[in-house]
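Shown next: coords_6.pdb, containing PDB, C-alpha atoms, pLDDT in the B column.
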```pdb
ATOM      1  CA  MET Z  11      62.182 201.111 150.978  1.00 46.00           C
ATOM      2  CA  MET Z  12      61.571 202.985 154.243  1.00 61.00           C
ATOM      3  CA  GLY Z  13      64.168 205.531 153.168  1.00 69.00           C
ATOM      4  CA  VAL Z  14      62.748 206.163 149.679  1.00 88.00           C
ATOM      5  CA  ASN Z  15      59.058 205.741 148.895  1.00 92.00           C
ATOM      6  CA  PRO Z  16      57.299 206.864 152.113  1.00 94.00           C
ATOM      7  CA  PRO Z  17      59.580 209.905 152.636  1.00 94.00           C
ATOM      8  CA  THR Z  18      59.206 210.884 148.984  1.00 95.00           C
ATOM      9  CA  ALA Z  19      55.419 210.741 149.281  1.00 96.00           C
ATOM     10  CA  TYR Z  20      55.502 212.653 152.563  1.00 95.00           C
ATOM     11  CA  PHE Z  21      57.519 215.547 151.208  1.00 94.00           C
ATOM     12  CA  LEU Z  22      55.603 215.703 147.946  1.00 96.00           C
ATOM     13  CA  LEU Z  23      52.504 216.299 150.065  1.00 97.00           C
ATOM     14  CA  THR Z  24      53.981 218.643 152.678  1.00 94.00           C
ATOM     15  CA  ASP Z  25      56.970 220.476 151.214  1.00 91.00           C
ATOM     16  CA  ILE Z  26      55.738 221.813 147.856  1.00 94.00           C
ATOM     17  CA  VAL Z  27      52.321 223.390 148.443  1.00 96.00           C
ATOM     18  CA  LYS Z  28      50.762 224.175 151.811  1.00 95.00           C
ATOM     19  CA  LEU Z  29      47.510 222.220 151.682  1.00 97.00           C
ATOM     20  CA  PRO Z  30      44.764 222.693 154.274  1.00 97.00           C
ATOM     21  CA  ARG Z  31      42.873 219.620 155.442  1.00 97.00           C
ATOM     22  CA  GLY Z  32      40.210 218.586 152.954  1.00 97.00           C
ATOM     23  CA  SER Z  33      42.268 219.658 149.932  1.00 98.00           C
ATOM     24  CA  TRP Z  34      42.485 217.504 146.823  1.00 98.00           C
ATOM     25  CA  VAL Z  35      45.736 216.188 145.349  1.00 98.00           C
ATOM     26  CA  ILE Z  36      46.015 214.431 141.989  1.00 98.00           C
ATOM     27  CA  GLN Z  37      48.698 211.917 141.060  1.00 98.00           C
ATOM     28  CA  ASN Z  38      49.478 209.563 138.199  1.00 97.00           C
ATOM     29  CA  ALA Z  39      51.479 206.340 138.658  1.00 95.00           C
ATOM     30  CA  ALA Z  40      49.137 205.876 141.590  1.00 97.00           C
ATOM     31  CA  ASN Z  41      49.786 202.147 141.892  1.00 95.00           C
ATOM     32  CA  SER Z  42      53.559 202.610 142.147  1.00 95.00           C
ATOM     33  CA  GLY Z  43      55.361 202.385 145.482  1.00 94.00           C
ATOM     34  CA  VAL Z  44      55.372 206.170 145.923  1.00 95.00           C
ATOM     35  CA  GLY Z  45      51.786 206.427 144.703  1.00 97.00           C
ATOM     36  CA  ARG Z  46      50.484 203.896 147.205  1.00 96.00           C
ATOM     37  CA  ALA Z  47      52.344 205.605 150.033  1.00 96.00           C
ATOM     38  CA  THR Z  48      50.881 208.921 148.889  1.00 97.00           C
ATOM     39  CA  VAL Z  49      47.326 207.605 149.298  1.00 97.00           C
ATOM     40  CA  THR Z  50      47.923 206.508 152.890  1.00 96.00           C
ATOM     41  CA  ILE Z  51      49.925 209.553 153.956  1.00 97.00           C
ATOM     42  CA  ALA Z  52      47.415 211.911 152.351  1.00 98.00           C
ATOM     43  CA  LYS Z  53      44.643 210.340 154.447  1.00 97.00           C
ATOM     44  CA  SER Z  54      46.723 210.774 157.591  1.00 96.00           C
ATOM     45  CA  LEU Z  55      47.063 214.474 156.725  1.00 97.00           C
ATOM     46  CA  GLY Z  56      43.351 214.912 156.041  1.00 97.00           C
ATOM     47  CA  LEU Z  57      43.845 215.245 152.273  1.00 98.00           C
ATOM     48  CA  ARG Z  58      41.831 213.641 149.472  1.00 98.00           C
ATOM     49  CA  THR Z  59      43.385 212.006 146.444  1.00 98.00           C
ATOM     50  CA  VAL Z  60      42.579 211.615 142.765  1.00 98.00           C
ATOM     51  CA  ASN Z  61      44.572 208.619 141.612  1.00 98.00           C
ATOM     52  CA  VAL Z  62      45.323 208.141 137.926  1.00 98.00           C
ATOM     53  CA  VAL Z  63      46.297 204.679 136.690  1.00 97.00           C
ATOM     54  CA  ARG Z  64      46.939 203.173 133.272  1.00 95.00           C
ATOM     55  CA  ARG Z  65      45.026 199.890 133.573  1.00 95.00           C
ATOM     56  CA  ASP Z  66      41.397 199.169 134.418  1.00 96.00           C
ATOM     57  CA  GLU Z  67      42.323 196.125 136.476  1.00 95.00           C
ATOM     58  CA  VAL Z  68      44.030 198.171 139.222  1.00 96.00           C
ATOM     59  CA  VAL Z  69      41.114 200.575 139.805  1.00 97.00           C
ATOM     60  CA  ALA Z  70      39.370 198.393 142.406  1.00 97.00           C
ATOM     61  CA  GLU Z  71      42.655 197.701 144.175  1.00 95.00           C
ATOM     62  CA  MET Z  72      43.473 201.400 144.495  1.00 97.00           C
ATOM     63  CA  LYS Z  73      39.992 202.154 145.816  1.00 97.00           C
ATOM     64  CA  ALA Z  74      40.395 199.394 148.400  1.00 96.00           C
ATOM     65  CA  LEU Z  75      43.707 200.956 149.406  1.00 95.00           C
ATOM     66  CA  GLY Z  76      41.868 204.200 150.193  1.00 96.00           C
ATOM     67  CA  GLY Z  77      42.013 206.273 147.021  1.00 97.00           C
ATOM     68  CA  ASP Z  78      39.077 208.696 147.058  1.00 98.00           C
ATOM     69  CA  VAL Z  79      38.846 208.816 143.254  1.00 98.00           C
ATOM     70  CA  VAL Z  80      40.575 206.370 140.903  1.00 98.00           C
ATOM     71  CA  LEU Z  81      40.504 206.951 137.149  1.00 98.00           C
ATOM     72  CA  VAL Z  82      42.228 205.516 134.101  1.00 98.00           C
ATOM     73  CA  ASP Z  83      44.394 208.082 132.320  1.00 98.00           C
ATOM     74  CA  GLY Z  84      43.226 209.612 129.057  1.00 97.00           C
ATOM     75  CA  PRO Z  85      42.889 212.887 127.132  1.00 96.00           C
ATOM     76  CA  ASP Z  86      39.514 213.625 128.758  1.00 97.00           C
ATOM     77  CA  LEU Z  87      40.908 213.197 132.286  1.00 98.00           C
ATOM     78  CA  ALA Z  88      40.221 216.789 133.363  1.00 98.00           C
ATOM     79  CA  LYS Z  89      36.516 216.476 132.522  1.00 98.00           C
ATOM     80  CA  ARG Z  90      36.172 213.236 134.465  1.00 98.00           C
ATOM     81  CA  VAL Z  91      38.120 214.585 137.440  1.00 98.00           C
ATOM     82  CA  ALA Z  92      35.895 217.664 137.610  1.00 98.00           C
ATOM     83  CA  ALA Z  93      32.795 215.442 137.609  1.00 98.00           C
ATOM     84  CA  GLU Z  94      34.154 213.164 140.357  1.00 98.00           C
ATOM     85  CA  THR Z  95      35.331 215.975 142.647  1.00 98.00           C
ATOM     86  CA  GLY Z  96      32.461 218.392 142.091  1.00 97.00           C
ATOM     87  CA  ASN Z  97      34.793 220.836 140.318  1.00 97.00           C
ATOM     88  CA  ALA Z  98      36.919 221.163 143.446  1.00 98.00           C
ATOM     89  CA  PRO Z  99      40.150 223.138 143.010  1.00 98.00           C
ATOM     90  CA  ILE Z 100      43.308 221.013 142.824  1.00 98.00           C
ATOM     91  CA  SER Z 101      46.500 222.931 143.478  1.00 98.00           C
ATOM     92  CA  LEU Z 102      49.002 220.059 143.528  1.00 98.00           C
ATOM     93  CA  GLY Z 103      49.662 217.433 140.854  1.00 98.00           C
ATOM     94  CA  LEU Z 104      52.258 214.666 141.224  1.00 98.00           C
ATOM     95  CA  ASP Z 105      53.678 213.353 137.963  1.00 98.00           C
ATOM     96  CA  GLY Z 106      55.669 210.132 137.961  1.00 97.00           C
ATOM     97  CA  VAL Z 107      55.072 209.231 134.318  1.00 97.00           C
ATOM     98  CA  GLY Z 108      55.887 212.036 131.861  1.00 97.00           C
ATOM     99  CA  ASP Z 109      54.840 212.003 128.177  1.00 97.00           C
ATOM    100  CA  THR Z 110      51.219 213.068 127.528  1.00 97.00           C
ATOM    101  CA  SER Z 111      50.222 211.973 131.033  1.00 97.00           C
ATOM    102  CA  SER Z 112      51.894 215.180 132.250  1.00 97.00           C
ATOM    103  CA  MET Z 113      49.574 217.199 130.038  1.00 97.00           C
ATOM    104  CA  ASN Z 114      46.506 215.329 131.265  1.00 98.00           C
ATOM    105  CA  LEU Z 115      47.507 216.003 134.868  1.00 97.00           C
ATOM    106  CA  MET Z 116      48.328 219.661 134.229  1.00 97.00           C
ATOM    107  CA  ASN Z 117      44.882 220.214 132.714  1.00 97.00           C
ATOM    108  CA  CYS Z 118      43.298 219.125 136.005  1.00 98.00           C
ATOM    109  CA  LEU Z 119      45.027 221.799 138.094  1.00 98.00           C
ATOM    110  CA  SER Z 120      43.426 225.006 139.258  1.00 98.00           C
ATOM    111  CA  GLU Z 121      44.905 228.433 138.588  1.00 97.00           C
ATOM    112  CA  SER Z 122      48.406 228.759 140.104  1.00 97.00           C
ATOM    113  CA  GLY Z 123      48.536 225.001 140.617  1.00 98.00           C
ATOM    114  CA  VAL Z 124      51.900 223.236 140.820  1.00 98.00           C
ATOM    115  CA  LEU Z 125      52.852 220.126 138.845  1.00 98.00           C
ATOM    116  CA  VAL Z 126      55.725 218.206 140.433  1.00 98.00           C
ATOM    117  CA  SER Z 127      57.815 215.782 138.400  1.00 97.00           C
ATOM    118  CA  SER Z 128      59.294 213.052 140.600  1.00 94.00           C
ATOM    119  CA  GLY Z 129      59.771 210.258 138.059  1.00 93.00           C
ATOM    120  CA  GLY Z 130      59.574 209.325 134.413  1.00 93.00           C
ATOM    121  CA  MET Z 131      58.107 205.852 134.051  1.00 94.00           C
ATOM    122  CA  SER Z 132      57.231 206.413 130.396  1.00 94.00           C
ATOM    123  CA  ARG Z 133      60.879 207.171 129.617  1.00 94.00           C
ATOM    124  CA  LYS Z 134      59.595 209.998 127.425  1.00 96.00           C
ATOM    125  CA  PRO Z 135      59.825 213.794 127.848  1.00 95.00           C
ATOM    126  CA  MET Z 136      57.008 215.633 129.585  1.00 96.00           C
ATOM    127  CA  VAL Z 137      54.382 217.011 127.213  1.00 95.00           C
ATOM    128  CA  VAL Z 138      52.871 220.153 128.710  1.00 93.00           C
ATOM    129  CA  PRO Z 139      50.591 222.722 127.010  1.00 87.00           C
ATOM    130  CA  PRO Z 140      52.014 226.259 127.246  1.00 94.00           C
ATOM    131  CA  GLY Z 141      48.561 227.779 127.741  1.00 94.00           C
ATOM    132  CA  GLY Z 142      48.332 226.470 131.302  1.00 94.00           C
ATOM    133  CA  LEU Z 143      51.656 228.076 132.170  1.00 96.00           C
ATOM    134  CA  ILE Z 144      50.896 231.375 130.455  1.00 96.00           C
ATOM    135  CA  PHE Z 145      47.221 231.965 131.151  1.00 96.00           C
ATOM    136  CA  LYS Z 146      46.597 229.851 134.279  1.00 96.00           C
ATOM    137  CA  LYS Z 147      49.833 230.740 136.124  1.00 97.00           C
ATOM    138  CA  ARG Z 148      50.598 227.070 136.679  1.00 97.00           C
ATOM    139  CA  THR Z 149      54.165 226.035 137.394  1.00 97.00           C
ATOM    140  CA  ILE Z 150      56.294 222.897 137.079  1.00 97.00           C
ATOM    141  CA  ARG Z 151      59.076 221.810 139.395  1.00 97.00           C
ATOM    142  CA  GLY Z 152      61.060 218.684 140.101  1.00 96.00           C
ATOM    143  CA  PHE Z 153      61.636 216.695 143.269  1.00 95.00           C
ATOM    144  CA  TRP Z 154      64.356 214.186 144.137  1.00 93.00           C
ATOM    145  CA  LEU Z 155      64.567 212.917 147.692  1.00 93.00           C
ATOM    146  CA  LEU Z 156      68.373 212.705 147.668  1.00 92.00           C
ATOM    147  CA  PHE Z 157      68.676 216.485 147.355  1.00 91.00           C
ATOM    148  CA  TRP Z 158      66.339 216.928 150.326  1.00 87.00           C
ATOM    149  CA  TYR Z 159      68.337 214.450 152.441  1.00 87.00           C
ATOM    150  CA  GLN Z 160      71.540 216.332 151.633  1.00 89.00           C
ATOM    151  CA  SER Z 161      70.196 219.567 153.099  1.00 88.00           C
ATOM    152  CA  ALA Z 162      67.764 218.304 155.749  1.00 85.00           C
ATOM    153  CA  LYS Z 163      68.152 219.387 159.354  1.00 89.00           C
ATOM    154  CA  PRO Z 164      67.967 216.778 162.129  1.00 91.00           C
ATOM    155  CA  ASP Z 165      64.650 218.114 163.443  1.00 90.00           C
ATOM    156  CA  GLU Z 166      63.124 217.887 159.949  1.00 87.00           C
ATOM    157  CA  LEU Z 167      64.179 214.263 159.650  1.00 88.00           C
ATOM    158  CA  THR Z 168      62.794 213.541 163.096  1.00 91.00           C
ATOM    159  CA  ALA Z 169      59.437 215.120 162.259  1.00 90.00           C
ATOM    160  CA  MET Z 170      59.184 213.105 159.060  1.00 92.00           C
ATOM    161  CA  PHE Z 171      59.934 209.745 160.663  1.00 89.00           C
ATOM    162  CA  ASP Z 172      57.731 210.545 163.666  1.00 94.00           C
ATOM    163  CA  HIS Z 173      54.833 210.872 161.231  1.00 95.00           C
ATOM    164  CA  LEU Z 174      55.713 207.858 159.098  1.00 94.00           C
ATOM    165  CA  ALA Z 175      56.766 205.344 161.762  1.00 92.00           C
ATOM    166  CA  PRO Z 176      53.267 204.687 163.189  1.00 93.00           C
ATOM    167  CA  LEU Z 177      51.835 204.202 159.679  1.00 92.00           C
ATOM    168  CA  ILE Z 178      54.546 201.729 158.781  1.00 89.00           C
ATOM    169  CA  ALA Z 179      54.292 199.911 162.124  1.00 88.00           C
ATOM    170  CA  ALA Z 180      50.537 199.537 161.602  1.00 88.00           C
ATOM    171  CA  GLY Z 181      51.143 198.074 158.151  1.00 86.00           C
ATOM    172  CA  THR Z 182      49.197 200.796 156.359  1.00 87.00           C
ATOM    173  CA  ILE Z 183      52.299 201.708 154.348  1.00 85.00           C
ATOM    174  CA  SER Z 184      54.257 198.913 152.716  1.00 71.00           C
ATOM    175  CA  THR Z 185      58.012 199.317 152.863  1.00 63.00           C
ATOM    176  CA  ARG Z 186      58.641 196.579 150.307  1.00 58.00           C
ATOM    177  CA  SER Z 187      58.214 196.473 146.564  1.00 48.00           C
ATOM    178  CA  PRO Z 188      57.343 193.216 144.796  1.00 39.00           C
ATOM    179  CA  LEU Z 189      60.019 194.060 142.237  1.00 39.00           C
ATOM    180  CA  LEU Z 190      62.643 194.123 144.964  1.00 39.00           C
ATOM    181  CA  THR Z 191      61.640 190.855 146.608  1.00 37.00           C
ATOM    182  CA  VAL Z 192      63.875 187.851 145.898  1.00 38.00           C
ATOM    183  CA  SER Z 193      61.536 185.243 144.443  1.00 37.00           C
ATOM    184  CA  THR Z 194      63.644 182.980 142.244  1.00 38.00           C
ATOM    185  CA  ARG Z 195      64.711 179.447 143.196  1.00 41.00           C
ATOM    186  CA  SER Z 196      68.351 180.494 143.191  1.00 45.00           C
ATOM    187  CA  GLY Z 197      67.635 183.199 145.747  1.00 47.00           C
ATOM    188  CA  LYS Z 198      68.992 185.820 143.361  1.00 51.00           C
ATOM    189  CA  ARG Z 199      67.107 188.779 141.979  1.00 45.00           C
ATOM    190  CA  SER Z 200      65.958 188.592 138.395  1.00 53.00           C
ATOM    191  CA  ARG Z 201      67.294 191.012 135.800  1.00 59.00           C
ATOM    192  CA  LYS Z 202      64.061 193.009 136.128  1.00 48.00           C
ATOM    193  CA  GLN Z 203      64.472 193.154 139.907  1.00 44.00           C
ATOM    194  CA  ARG Z 204      68.126 194.229 139.652  1.00 47.00           C
ATOM    195  CA  LYS Z 205      67.129 197.070 137.345  1.00 48.00           C
ATOM    196  CA  ALA Z 206      64.451 198.125 139.830  1.00 43.00           C
ATOM    197  CA  VAL Z 207      67.039 198.226 142.621  1.00 41.00           C
ATOM    198  CA  ALA Z 208      69.314 200.358 140.458  1.00 43.00           C
ATOM    199  CA  ARG Z 209      66.473 202.765 139.718  1.00 43.00           C
ATOM    200  CA  CYS Z 210      64.962 203.060 143.201  1.00 41.00           C
ATOM    201  CA  CYS Z 211      66.929 206.187 144.099  1.00 40.00           C
ATOM    202  CA  SER Z 212      67.084 207.568 140.554  1.00 43.00           C
ATOM    203  CA  PRO Z 213      65.090 210.661 139.521  1.00 41.00           C
ATOM    204  CA  ILE Z 214      63.574 208.433 136.821  1.00 40.00           C
ATOM    205  CA  TYR Z 215      61.982 205.313 138.293  1.00 39.00           C
TER     206      TYR Z 215
END
```

File written out as structure tokens:
Amino acid sequence: MMGVNPPTAYFLLTDIVKLPRGSWVIQNAANSGVGRATVTIAKSLGLRTVNVVRRDEVVAEMKALGGDVVLVDGPDLAKRVAAETGNAPISLGLDGVGDTSSMNLMNCLSESGVLVSSGGMSRKPMVVPPGGLIFKKRTIRGFWLLFWYQSAKPDELTAMFDHLAPLIAAGTISTRSPLLTVSTRSGKRSRKQRKAVARCCSPIY
């Protein structure tokens, strides 16, 4: 997964919005492969993360991984995020879920904030309130790593891997997904694992 999850997280953090050190970033699907890489890479860049998950049982795990704030998704997310961050402005939101989770994330962004869609785990369309786009000047854009690879210059690739390689070598970023690990007695991937392999480079994963 060296070529997918860590690079995706890196460019979501560096190529969309120019974030000074100390800035906050919010993401859902925080316990996914990209989400976990985002936590580690954000720390290496001096950024702080609000990590939104869907189950209470992964909160402690995400905090242990280094998430500055970890919250369970819900319609009152913006209120809880403001309380946890001291009302700090958040100009970048990373959406890997879709459905109403997109709306919850959008409501946490500051004026002119950018919501980036990089996956659709819910398999449902994004639900986004028009008021944030009209009156708060927020924007939405998509990101798929394959498009970036197709146009990347050699020096850009070098800079990316120069940043990621030490983190991976130190073991702070995992390059494997449990879904992709062969664990059956036959040595073959399960149907669930095969689907995960098929989705790993898809814009919806």

Test item: residues at most 12 Å from Gly181 of chain Z, only C-alpha atoms, excluding those fewer than 6 positions along its chain, as a PDB file with C-alpha atoms, in the coordinates of the input:
```pdb
ATOM      1  CA  ALA Z  47      52.344 205.605 150.033  1.00 96.00           C
ATOM      2  CA  THR Z  50      47.923 206.508 152.890  1.00 96.00           C
ATOM      3  CA  LEU Z  75      43.707 200.956 149.406  1.00 95.00           C
ATOM      4  CA  LEU Z 174      55.713 207.858 159.098  1.00 94.00           C
ATOM      5  CA  ALA Z 175      56.766 205.344 161.762  1.00 92.00           C
TER       6      ALA Z 175
END
```

Given 6 Å of margin on each side, can you work out the centre and size in Å (one decimal) of an axis-aligned box holding every listed atom of segment 135-142 of chain Z, as lines of an AutoDock Vina configuration file?
```
center_x = 54.1
center_y = 220.8
center_z = 129.2
size_x = 23.5
size_y = 26.0
size_z = 16.3
```

Given all atoms listed in the file as the counted atoms, nearest of Z:Leu143, Z:Ala19, Z:Met113, Z:Ala70 to His173 of chain Z: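 Of Z:Leu143, Z:Ala19, Z:Met113, Z:Ala70, the one nearest His173 of chain Z, counting all atoms listed in the file, is Z:Ala19.
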
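Using the PyMOL selection byres ((chain Z and resi 87-100) around 7) on the file at hand returns these residues: Trp34, Val35, Asp83, Gly84, Pro85, Asp86, Ser101, Leu102, Asn114, Asn117, Cys118, Leu119, Ser120 and Gly123 of chain Z.
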
Exercise: residues within 9 Å of coordinate (58.2, 207.4, 129.9), counting only C-alpha atoms, as a ChimeraX atom specification: /Z:106-109,129-136,214

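Take the candidates Z:Leu57, Z:Met170, Z:Val62, Z:Ile144 and check each one against Ser111 of chain Z using all atoms listed in the file; the shortest distance goes to Z:Val62.
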
Straight-line distance linking atom CA of Ser161 of chain Z with atom CA of Thr18 of chain Z, stated in Å to one decimal: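 Going from atom CA of Ser161 of chain Z over to atom CA of Thr18 of chain Z, I get 14.6 Å.
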
Close residues, segment 145-157 of chain Z itself excluded, 7 Å, all atoms listed in the file, min 2 positions apart in chain, as an MDAnalysis selection string: chainID Z and resid 18 121:128 141:143 159:161 213

Starting from the displayed file, determine the output of the PyMOL selection byres ((chain Z and resi 53) around 12) and express the residue list as a tab-separated table (two decimals) with C-alpha atoms, keeping the file's coordinate frame.
```tsv
chain	number	residue	atom	x	y	z
Z	19	ALA	CA	55.42	210.74	149.28
Z	20	TYR	CA	55.50	212.65	152.56
Z	23	LEU	CA	52.50	216.30	150.06
Z	31	ARG	CA	42.87	219.62	155.44
Z	32	GLY	CA	40.21	218.59	152.95
Z	33	SER	CA	42.27	219.66	149.93
Z	34	TRP	CA	42.48	217.50	146.82
Z	35	VAL	CA	45.74	216.19	145.35
Z	46	ARG	CA	50.48	203.90	147.21
Z	47	ALA	CA	52.34	205.60	150.03
Z	48	THR	CA	50.88	208.92	148.89
Z	49	VAL	CA	47.33	207.60	149.30
Z	50	THR	CA	47.92	206.51	152.89
Z	51	ILE	CA	49.92	209.55	153.96
Z	52	ALA	CA	47.42	211.91	152.35
Z	54	SER	CA	46.72	210.77	157.59
Z	55	LEU	CA	47.06	214.47	156.72
Z	56	GLY	CA	43.35	214.91	156.04
Z	57	LEU	CA	43.84	215.24	152.27
Z	58	ARG	CA	41.83	213.64	149.47
Z	59	THR	CA	43.38	212.01	146.44
Z	60	VAL	CA	42.58	211.62	142.76
Z	75	LEU	CA	43.71	200.96	149.41
Z	76	GLY	CA	41.87	204.20	150.19
Z	77	GLY	CA	42.01	206.27	147.02
Z	78	ASP	CA	39.08	208.70	147.06
Z	177	LEU	CA	51.84	204.20	159.68
Z	182	THR	CA	49.20	200.80	156.36
Z	183	ILE	CA	52.30	201.71	154.35
```
